[in-house]
Each structure stands twice: as C-alpha cells, then as structure tokens.
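This report refers to the structure that appears directly beneath it.
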Amino acid sequence: MDFSIAGILALDGITNGAIYALLALATVLVFAVTRVIFIPQGEFVAYGALTLAMLQQGLVPGTVWLLLALALLAALAEAVGELRRGVTVGKVAGAALRSLVAPALIALLAWWAAPLKPPLVLQALLTLALVAPLGPLIYRLAYARLADASVLVLLIVSVGVHFALTGLALVFFGAEGFRNPVFWDARFQHGAVSLTGQALIIFGVSIALMIALFLFFGHTLRGKALRATAVNRLGARLMGISATGAGRLSFGLAAFIGALSGLLIGATTTMFYDSGFLIGLKGFVAAIFGGLASYPAAALGAVFVGLLESVGSFWASAFKEVIVFTLILPVLLWRSFQHGHHDDEE
Amino acid sequence: MTRQRMLIAFVLLVGALPLLPVPEFWITQANYIGLYTLVVIGLVLLTGVAGLTSFGQAAFVGLGAYTAAYLTLAHGVSPWLTVFAGLALTAVVALVLGWITLRMSGHYLPLATIAWGLSLYYLLGNIDALGKYDGLLGVPPIRFFGLALNTGRSFYALLWALVLLATLGATRLLDSRTGRALRAVKGGTTMAEAMGVDTLHVKITVFVLAALLASVSGWLFAHFQRTVNPSPFGLRMGIEYLFMAVLGGVGHVWGALVGAGVVRVLDDQLQVWLPRLMGASGNYEIIVFGIVLVLVLQFARDGIWAFVEARLPPVRRAVDWGGATPLTQRPKPARGDVVLEVDKVRKTFGGLIAVNDVSFEVRAGEIVGLIGPNGAGKSTTFNLVTGVLPASGGQVRLAGIRVDTLPSREIARRGVARTFQHVKMVPAMTVLENVALGAHLRGREGVLGALLHRDREEERRLLREADMQLRRIGMAEHMHELAGNLALGQQRLMEIARALSADPTLLLLDEPAAGLRHGEKLALGEVLRQLRGEGLSILLVEHDMDLVMDLTDRIVVMEFGTLLLEGTPQQVQASPAVRAAYLGTEH
C-alpha cells in the first residue's frame, strides 16, 4: 500500500465514518432517553435515500402512504386512550384531527410537487419532511405503551419494527437499487487523492449537525429536558417533563438524522430497500465504543469503523463485513475489562 | 383429564402421525416445525427463563449444519460423529461470545449475537471450500442401523424423538437446583449471588445449552434438506426464531412447540397469499411478522401458551420429600466467639461518605440491632458485610478471616445469609422453590444431574429443608403458591425462610417486620429468639423499636454514616444523643 492508496482509503473511510458517526449519535441519543436499542435506525437511511430516488423520477414515494397510515393509527390509538380516560368525544375528535393536519399537509405537498420534479435541494427538503415525522409516530405506536418494559423487551420490539419497515420498504421502493445524483459535483485533485464536493458536503453537514446537537442539548430547555430524562426518567417526570414527549422528540431527531444520512450516502453508494440495516448497524458498532452512553466516543468509534471498513475492502473485499462486525468482539472485551461487571436490575 | 394423560395423548399423537395417511406435505411441515422447536426450546431457556436473549441462534444452526455437511462430503465422516464435531465447535464459539459479553449488562449479548450472526453469514458465503453462497450440495442422509433416513417419514421419527427428548430435558432442567438458579438470574444478579449462585457461570451455561440445541437442529437440517447454503442461517432467521419463542410463550417449554408450529404454518400461508395481494413476489411476510411481534409484546407478552396454560388443570407439586435425609449442617461456633468483625469500614459514593469508619462486632448466639434514622447508612453497611458493595476502606472479618475483598457468593458460602430491604425474589416460582433457592450451596448437582434425574435424592433433601424452614416461620400453608401472589409481609417471611435454608452462622435481616401485623411480629420475635438459642448470630436492621428493644442483646446506633453509640437496649434508650438523632434537639 503506497501513500496515495492510503490517502484514498483514509478519505473514503472518513467520509463513511462521518455518516456512521451521525447514526451512532442518534443511537446513543435514543438509548439514553428511552432505553430503546433502536435497531431500525438504518431503515430511515434507506427511506431517506429511496424517497429522494422516487422524487427524482417524478413519482409519489410510498413514504407518503406510510406517513398518512401511521398518523391515522397514532391518532386512533391516542383517541382510544383519551376516551378510556373519560375525555369528551368532541375534545378527542378535535385533538385527533389537529394531529392529522401536519402529516396531511406534507402528504399533499408531496403529491403536488412530485410530478413537477422540483430542484434537488427542494426534493431533499421534502424527503426530510416525509421521513422525519415517521420517528415520533413509530415511537407512539410501537414503544410508548411499553415505556417501562425491560431493555430486553424494547430490543425485541425494535427487531419487530425493523422487520416491518424493511418489508414495507420492499413494497414502496421495489427490489431495484438506486443511486442519487450528487449535491455538488465539484472535484478537487491532489495527487492521486481526489476530494469530491459530495464528500465535503458530508463532512460539512456532519460537523454542522454535531454542533447543532451540542447547542440544542446545552442551551435549549427542550434539549436540557431530554438530558434530564436520560439521567433519571422518574426524576424528570416529577419535574414535569413528559417521558412520552421526550421519547417522541428523540425518535424524531433519530429519524431526521437517519433520513439526512440517507440523502448524503445515497449519492456515493447504490441503495436497496434493505441496505439501511447494515449501514445502521455500523453506526451501532460505533455507538458500542462509547457503551451506548458517550457521544464523543461514539463519533470516534464511527471514524474508526469507517477506516477499518475501507482498509478491509482494499485487502479482502469479500470479507469486509466480517471484519467490521467481528470488530465488535474485541471492543466488547475491552469494555468489559474497563468497566467490569455492572448489572442492571430490572 | 390430568396433565399427565394429556401429555401421554400428545406423545402418542406425535408418534402415530407418520403412520397415518397424512399427506407428505404435512409430514414435511412437521419436520420443519420439529427442527425449529429444537432451536426455540433453547431460546425459551435463554430468554424466558434466564432473561437473556440472542438473535444469533440461526448462526449456531448454521454452524451445526455446515460442520455436518462439510465433514461428510469432504472427509466421508459418519453423521453420527459429525454431530459431536458440530457440538464441540458450537460450544467453543458460544463460550467465547458468552464469556466476553455476559460480564456486562444484559443487552450486550443480543448485540454481540447480531454481529456474530452477520459475520458468520458473510463468512460462509465467501469461503471457497464451503461453496460460497451456493453452499454444499448432495449431503448424504443419516443412516440408522443400515437404514437410510431419506424419506420425510423416516426422518420424522429421528427428529421428533430428539424434540421430545429436548422437551423432557428442558422440563427436568427447570425443575432442579440449576433451574432455580437460572430463574433467579432473570431479575438481576444481586439476590442470586447472595444465595451463592455463580451468576456468570449460570448465564454462560444456559447460553451454551441454547447454542447446542441449535447446533443439533443444524445437524438434522443438513441431512434433511441434503444441501446447505448460508441463507437459512442469516440474521433474518435468527430474528424469526425469537419471534417463534415470543409468539408461543417465552416462559414455557411448550410455548416453543406452539410458536414454531404457528410461525411455520403462517409463514407458508403468507408466502402464498401476500405475493398475490401485492402483485409481486418478495419477502412480504416479514411485514406481518414484525407487526405481530410488536403487538404480541404490547398486548399478550406471555404468548399463546399462556392462554392454554390458564385452561389446563393447575399443577400441584407432589410432596415426596417426607422421608428424605436431612441436609448436613455446618459446625457452629462456640457461644460467645466473635463471628463478625466490622473494622473501620468505609464507603464513599463520589463525595458522599455513606459509611464512615464504622466498627462493631457480633458474637455467636447474640442478636445485635443496627438502628438509626433513615439515611444513616444501615443498609449500605449490610451491603458491605455481604459483599454486595465493595468497601472503600477498612475490613470485614468473618471468624477472623478477611472477607471484604470477596464476591457476595463467597461470603454466603462462609455462612452469611441475608434478607433485603426491598424484597428480592422470583415472583414466577412457588414459595417452596424460592426458599429452596436459599439452600443452593448445600446441593451439588448441576445440569447433567438434572437431565438424567440423578439429582432426585438431593432435590428431596433440598425441598425438605425448604419445607422445614417454611413451617418454622409459619408459612407452610403458602408453600405451593406463586411467590409473586403473596402479601408484602409474607414475602418478607419467605425471605427469612430462604435465608435460614442456607444454614447460616450469621443472619442479616433488613427490616424483617415491615409490613407484618402485630401477631406476625410476635411470632417472628419468637422464631428469632429460638434461633439465638440454637447459637445463631443475628444482625437486625429494624424500625419497630418495641421489637428491637425487646429482642436484641446489644444495639449499634448509626447517624449520618458514623457510629453514634453501641450499648445495651437500656443504655441506648437512656442516651440523649440517640434521642436527639431521632427527634432532633431543642435549641
């Protein structure tokens, strides 16, 4: 391996690592706030990339139907719960209708705009508007009832959600793979190493998002409420912070980050309906570096995973997945010796 | 009809099925159900019983299947030998995975098994010698005394014999000393460790057992399909196995069979109907599986078998331990010998000093009260003495031997038994079984003993002990109830019986009288006096001052983590400092 190959591999690794870092942050965020090990994080990546791919062809993406169906189900579940608590029918119906307004508007917008083939940036924004609301709705339907269940039960729920979303992705987007156009087709050559505009966008967006999250958690009330929930759910609830609200918000952020990652990675690799899972799991391996608790360790882990993957695909391309996923074992071993035995009583 | 008759009827039905004019299709289905059931029984033990889980069971099936296929095809080894090769390989992998992940919180094991499942899939698909993604073709059938099991019906006989054997084994295991330890691990390790259970060892054992069952299923799979390729051993199948366990009822061995059966039939029907509905082919059934999985967990977490179980006649354990020989008791120290020395012991949590250089002694045949206002550090002191928490400084000695560096199960082995301020028990076990858990260290039989029923004599002795302690504490009539159904006071009494089953020299009771009625308190006092008369030492944390003053020989008073006073009940009652600690001072 000479220097220029090393350079190419390093750049490639860091580019993918930046995306894994975003997913790792989302994973840590969701786990800290809700104790949900969110296996379907990667599905949002696929939904983001493939929704954009549909819009590129001027088609109305299936995500629209999913958004409407989930919103309807969530409104229904909410209404049933409220009625049982004895709230009047009028109030319940009003609340249900209000909760449907935003999803309906987004769906109408998508329906109207899709055949017009608006510019790429607008399509990207529309994609985010379609995919990000899926997060809170999935939280409401799959997890909210089980908020106090053990980590194990929540994990099995996650696997169920992963199955359902993967299968639905096949219905919506088909088995065919798509590659989206780059957002910026510039290319900066330095010897054998070429830096693409898309890679710069990936770095820029990743860093910007991390700064935004940092500011959100450090300087806004809602961010601080999320942190409080992560530290002590009961304590936060006693302070008037809604655990369900915190759950929805964290899932919303996770879905937004997932969709954004999908937009970014969709231009550098061909995406299939089930590609998101492996990408999400790599974010996961990264998150485990920080014990699902530390944001900086997760981000560093992600860069390491990206580098390992690019070097692995150079040396033994057939075994690159084996290498990446076997990495989890030494990481776990290292963590178990560093932190010793700690037990969660459930 | 009793359960036993139903069981016999079921076994006869399973045995008769291939002899009846059942279409070949259903024999094939039954074979797949059997193959799945073997795997899912392992998951029931792992998930429902021990509270761990794995998404990598399909990979263990693959390990068994590929070992069988490769060794028979490339080296002509007999299938009756390859099964052991597969088991050995599986055991090694499971041991490594378990040893690495099971020291940490429960969710690292499933995460590691996801990674392991993916890795094995890609590994199998890329090794030339294993035929890459095409796999290995032309695996020979298993031969049984010269008879080739190459038809669905002949294979059925071998497979279902093994399934019934595995079901029997799992049932026997659950009703044994190891089974109780396994179930104790589910609620967290503190209580199990205090009963002397090596929880890491138990967790690794059950994980390896589950993996071995999967491996056997894989061996059968290879010789049933006569071909192997990576796809049935991927993560998707790993998740489906878990789905079967959850749907059937993850807490029951029979749930495995129900889950495997329902999922197989459902899968088959969905694969016919969904593509017609969608107008295209694809794995649409996973949508239904995913949604059903979430709904089951939300609305019927105990699975289908729980509905069946509720309609079956209840099981009542036959009392067969009446004539068992009593367990041997440990030699008791002479009255007045120092049993426990707490020497300047200290515990800090960050900047907070919870226990500040506290020293006291407990002698054989005395009851020492440990009192103080809430937050004085009494329970923390208990946890330091029993090894639940490591001390930050000072020493704890039992009969002169330092123990504060030992794990709590080693301290239990040295004759220390305890109860907990917040009752820790296995709610889904009967009172008798919970109490027998206390006698864990007085038995020796393990997994093999339970499977072969070599442990029956020892079981009778352990249960006899539990029965005796329950009688002593006045709980005999609740013996066969589920512990979770008891009132709080009764649960506390059960914890005392459990501690007594350990044949301790030192008994630590954390607020034993909380939640007891007046009559029960008097009875408890009587039992404790009797125990003292037998030479037992008791350290008692209690807020009921009448009981403490009446019962104890000496009292240690703590306040804000420090020792305020040590003396007789009269001295403590007379002390202005103690009064000030409880009621405050006038300024």
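For the structure tokens, the naming scheme is as follows: chains receive sequential letters (A, B, ...) according to their order of presentation, residues are indexed from 1 within each chain, and ligands are indexed from 1 in presentation order.
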Excluding stretch 1-15 of chain A and its own-chain neighbours fewer than 2 positions away, which residues fall within 9 Å of it when counting only C-alpha atoms? Please give them as a CSV table (one decimal) with N, CA and C atoms, in the first residue's frame.
chain,number,residue,atom,x,y,z
A,17,GLY,N,-17.2,7.2,7.7
A,17,GLY,CA,-17.2,7.3,9.1
A,17,GLY,C,-18.0,8.5,9.6
A,18,ALA,N,-18.0,9.6,8.8
A,18,ALA,CA,-18.8,10.7,9.2
A,18,ALA,C,-20.3,10.4,9.3
A,19,ILE,N,-20.7,9.6,8.3
A,19,ILE,CA,-22.1,9.2,8.3
A,19,ILE,C,-22.4,8.2,9.4
A,20,TYR,N,-21.5,7.2,9.6
A,20,TYR,CA,-21.7,6.3,10.7
A,20,TYR,C,-21.8,7.1,12.1
A,191,GLY,N,-2.7,15.1,-6.2
A,191,GLY,CA,-2.0,13.9,-6.5
A,191,GLY,C,-3.0,12.8,-6.9
A,192,ALA,N,-2.9,11.7,-6.3
A,192,ALA,CA,-3.9,10.6,-6.7
A,192,ALA,C,-5.2,10.7,-5.9
A,193,VAL,N,-5.1,11.6,-4.8
A,193,VAL,CA,-6.3,11.7,-4.0
A,193,VAL,C,-7.2,12.8,-4.5
A,194,SER,N,-8.5,12.4,-4.8
A,194,SER,CA,-9.4,13.5,-5.2
A,194,SER,C,-10.5,13.6,-4.2
A,195,LEU,N,-10.8,14.9,-3.8
A,195,LEU,CA,-11.8,15.2,-2.8
A,195,LEU,C,-13.0,15.6,-3.6
A,199,ALA,N,-18.2,14.6,-0.8
A,199,ALA,CA,-17.6,14.3,0.5
A,199,ALA,C,-17.5,15.6,1.4
A,200,LEU,N,-17.2,16.7,0.7
A,200,LEU,CA,-17.1,18.0,1.5
A,200,LEU,C,-18.5,18.3,2.1
A,202,ILE,N,-20.7,16.1,3.0
A,202,ILE,CA,-20.9,15.1,4.0
A,202,ILE,C,-20.2,15.6,5.3
A,203,PHE,N,-18.9,16.0,5.1
A,203,PHE,CA,-18.2,16.5,6.3
A,203,PHE,C,-18.9,17.7,6.9
A,302,ALA,N,-17.0,5.7,15.2
A,302,ALA,CA,-17.5,5.7,13.9
A,302,ALA,C,-16.4,5.9,12.8
A,303,VAL,N,-15.6,6.9,13.1
A,303,VAL,CA,-14.5,7.1,12.2
A,303,VAL,C,-13.6,5.9,12.1
A,304,PHE,N,-13.3,5.2,13.2
A,304,PHE,CA,-12.6,4.0,13.2
A,304,PHE,C,-13.2,2.9,12.4
A,305,VAL,N,-14.5,2.8,12.6
A,305,VAL,CA,-15.3,1.8,11.8
A,305,VAL,C,-15.2,2.1,10.3
A,306,GLY,N,-15.3,3.3,9.9
A,306,GLY,CA,-15.2,3.7,8.5
A,306,GLY,C,-13.8,3.4,8.0
A,307,LEU,N,-12.8,3.7,8.7
A,307,LEU,CA,-11.4,3.5,8.3
A,307,LEU,C,-11.2,2.0,8.1
A,308,LEU,N,-11.6,1.2,9.1
A,308,LEU,CA,-11.4,-0.2,9.1
A,308,LEU,C,-12.1,-0.8,7.9
A,309,GLU,N,-13.3,-0.3,7.6
A,309,GLU,CA,-14.1,-0.8,6.5
A,309,GLU,C,-13.4,-0.6,5.2
A,310,SER,N,-12.8,0.7,5.0
A,310,SER,CA,-12.2,1.0,3.7
A,310,SER,C,-10.9,0.2,3.6
A,311,VAL,N,-10.1,0.0,4.6
A,311,VAL,CA,-8.9,-0.8,4.6
A,311,VAL,C,-9.3,-2.2,4.3
A,314,PHE,N,-10.1,-3.0,0.9
A,314,PHE,CA,-9.0,-3.0,0.0
A,314,PHE,C,-8.2,-4.3,0.1
Q: Apply DSSP to the structure's backbone, then extract all residues of stretch 26-241 of chain B labelled helix (DSSP H, G or I) and return them as a PyMOL selection string.
A: chain B and resi 26-49+57-75+79-101+108-124+128-130+132-134+152-174+177-185+189-194+199-225+231-233+235-241
Q | Interface residues on chain A facing chain B, 9 Å, only C-alpha atoms, written as an MDAnalysis selection string | A | chainID A and resid 37 142:143 145:146 151:168 170:171 175 281 284:285 288 318:330 332:333 335:337 339:346
Please give the complete set of residues from stretch 84-258 of chain A that DSSP, run on the backbone, assigns to strand (DSSP E or B), formatted as a CSV table (one decimal) with C-alpha atoms, in the first residue's frame.
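The new file result.csv reads:
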chain,number,residue,atom,x,y,z
A,178,PHE,CA,-31.0,3.4,-6.8
A,187,ARG,CA,-13.8,17.6,-7.6
A,188,PHE,CA,-10.5,18.7,-6.0
A,189,GLN,CA,-7.5,16.8,-7.2
A,190,HIS,CA,-4.4,16.5,-5.0
A,193,VAL,CA,-6.3,11.7,-4.0
A,194,SER,CA,-9.4,13.5,-5.2
A,195,LEU,CA,-11.8,15.2,-2.8
A,196,THR,CA,-15.3,15.3,-4.2
Q.
Could you tell me how far atom CA of B:Thr348 sits from atom CA of A:Ala225, in Å to one decimal place?
A.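 So the two atoms, atom CA of A:Ala225 and atom CA of B:Thr348, lie 29.1 Å apart.
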Q: Work out how far apart atom CA of B:Leu35 and atom CA of B:Phe224 are and give it in Å to one decimal.
A: 9.6 Å
Q | Minimum-distance residue to A:Ala77, chosen among A:Leu137, A:Leu55, A:Pro103, A:Phe256 (using only C-alpha atoms) | A | A:Leu137
**Q.** Distance of atom CA of B:Leu173 from atom CA of B:Glu445, expressed in Å to one decimal place
**A.**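 Spanning atom CA of B:Glu445 to atom CA of B:Leu173 is a straight-line distance of 11.0 Å.
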Q: Might you pull out every residue within 9 Å of A:Thr229, with only C-alpha atoms counted and same-chain residues fewer than 2 positions away left off, and present them as a ChimeraX atom specification?
A: /A:32-34,224-227,231-237,241-243,246
Only C-alpha atoms, please: the residues just picked out, written as an mmCIF file, in the first residue's frame.
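Once written, selection-v2.cif looks like this:
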data_model
loop_
_atom_site.group_PDB
_atom_site.id
_atom_site.type_symbol
_atom_site.label_atom_id
_atom_site.label_comp_id
_atom_site.auth_asym_id
_atom_site.auth_seq_id
_atom_site.Cartn_x
_atom_site.Cartn_y
_atom_site.Cartn_z
ATOM 1 C CA ALA A 32 -30.129 7.308 26.653
ATOM 2 C CA VAL A 33 -33.573 8.881 26.612
ATOM 3 C CA THR A 34 -35.839 5.851 26.092
ATOM 4 C CA LYS A 224 -31.953 20.014 28.700
ATOM 5 C CA ALA A 225 -35.238 18.201 29.338
ATOM 6 C CA LEU A 226 -34.030 15.356 27.114
ATOM 7 C CA ARG A 227 -30.765 15.199 29.035
ATOM 8 C CA VAL A 231 -30.138 10.786 33.504
ATOM 9 C CA ASN A 232 -33.233 9.900 35.510
ATOM 10 C CA ARG A 233 -36.598 9.208 33.917
ATOM 11 C CA LEU A 234 -38.601 9.231 37.121
ATOM 12 C CA GLY A 235 -36.908 12.381 38.391
ATOM 13 C CA ALA A 236 -37.519 14.123 35.083
ATOM 14 C CA ARG A 237 -41.171 13.100 35.154
ATOM 15 C CA ILE A 241 -41.026 16.555 31.804
ATOM 16 C CA SER A 242 -43.204 14.156 29.835
ATOM 17 C CA ALA A 243 -41.402 10.859 29.214
ATOM 18 C CA ALA A 246 -39.069 13.089 25.379
#
Q.
Here is a test: counting only C-alpha atoms, which residue of B:Thr562, B:Gln490, B:Gln469, B:Ser379 is nearest to B:Ala514?
A.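 Under the stated criterion, the closest residue is B:Gln490.
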Q | Within 10 Å of A:Gly223 using only C-alpha atoms, minus same-chain residues under 3 positions, as a list in words | A |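 Using only C-alpha atoms, the neighbours found are Leu213, Phe214, Leu215, Phe216, Phe217, Gly218, His219, Thr220, Leu226, Arg227, Ala228, Thr229, Ala246, Leu249 and Ser250 of chain A.
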Could you write out the selected residues, including C-alpha atoms, as a PDB file, in the first residue's frame?
ATOM      1  CA  LEU A 213     -26.980  18.942  18.677  1.00  0.00           C
ATOM      2  CA  PHE A 214     -24.377  20.282  21.089  1.00  0.00           C
ATOM      3  CA  LEU A 215     -26.126  23.658  21.184  1.00  0.00           C
ATOM      4  CA  PHE A 216     -29.539  22.021  21.444  1.00  0.00           C
ATOM      5  CA  PHE A 217     -28.553  19.905  24.437  1.00  0.00           C
ATOM      6  CA  GLY A 218     -26.532  22.625  26.118  1.00  0.00           C
ATOM      7  CA  HIS A 219     -28.571  25.724  25.531  1.00  0.00           C
ATOM      8  CA  THR A 220     -32.248  24.983  24.989  1.00  0.00           C
ATOM      9  CA  LEU A 226     -34.030  15.356  27.114  1.00  0.00           C
ATOM     10  CA  ARG A 227     -30.765  15.199  29.035  1.00  0.00           C
ATOM     11  CA  ALA A 228     -32.664  15.142  32.310  1.00  0.00           C
ATOM     12  CA  THR A 229     -34.793  12.260  31.069  1.00  0.00           C
ATOM     13  CA  ALA A 246     -39.069  13.089  25.379  1.00  0.00           C
ATOM     14  CA  LEU A 249     -38.600  14.077  20.379  1.00  0.00           C
ATOM     15  CA  SER A 250     -35.641  11.709  20.495  1.00  0.00           C
TER      16      SER A 250
END
(Q) Env of B:Val423: 10 Å cut, atoms = only C-alpha atoms, seq-sep filter 4 positions within chain, self excluded. Answer as a PyMOL selection string. (A) chain B and resi 191+419+488-489+491-495+510+512
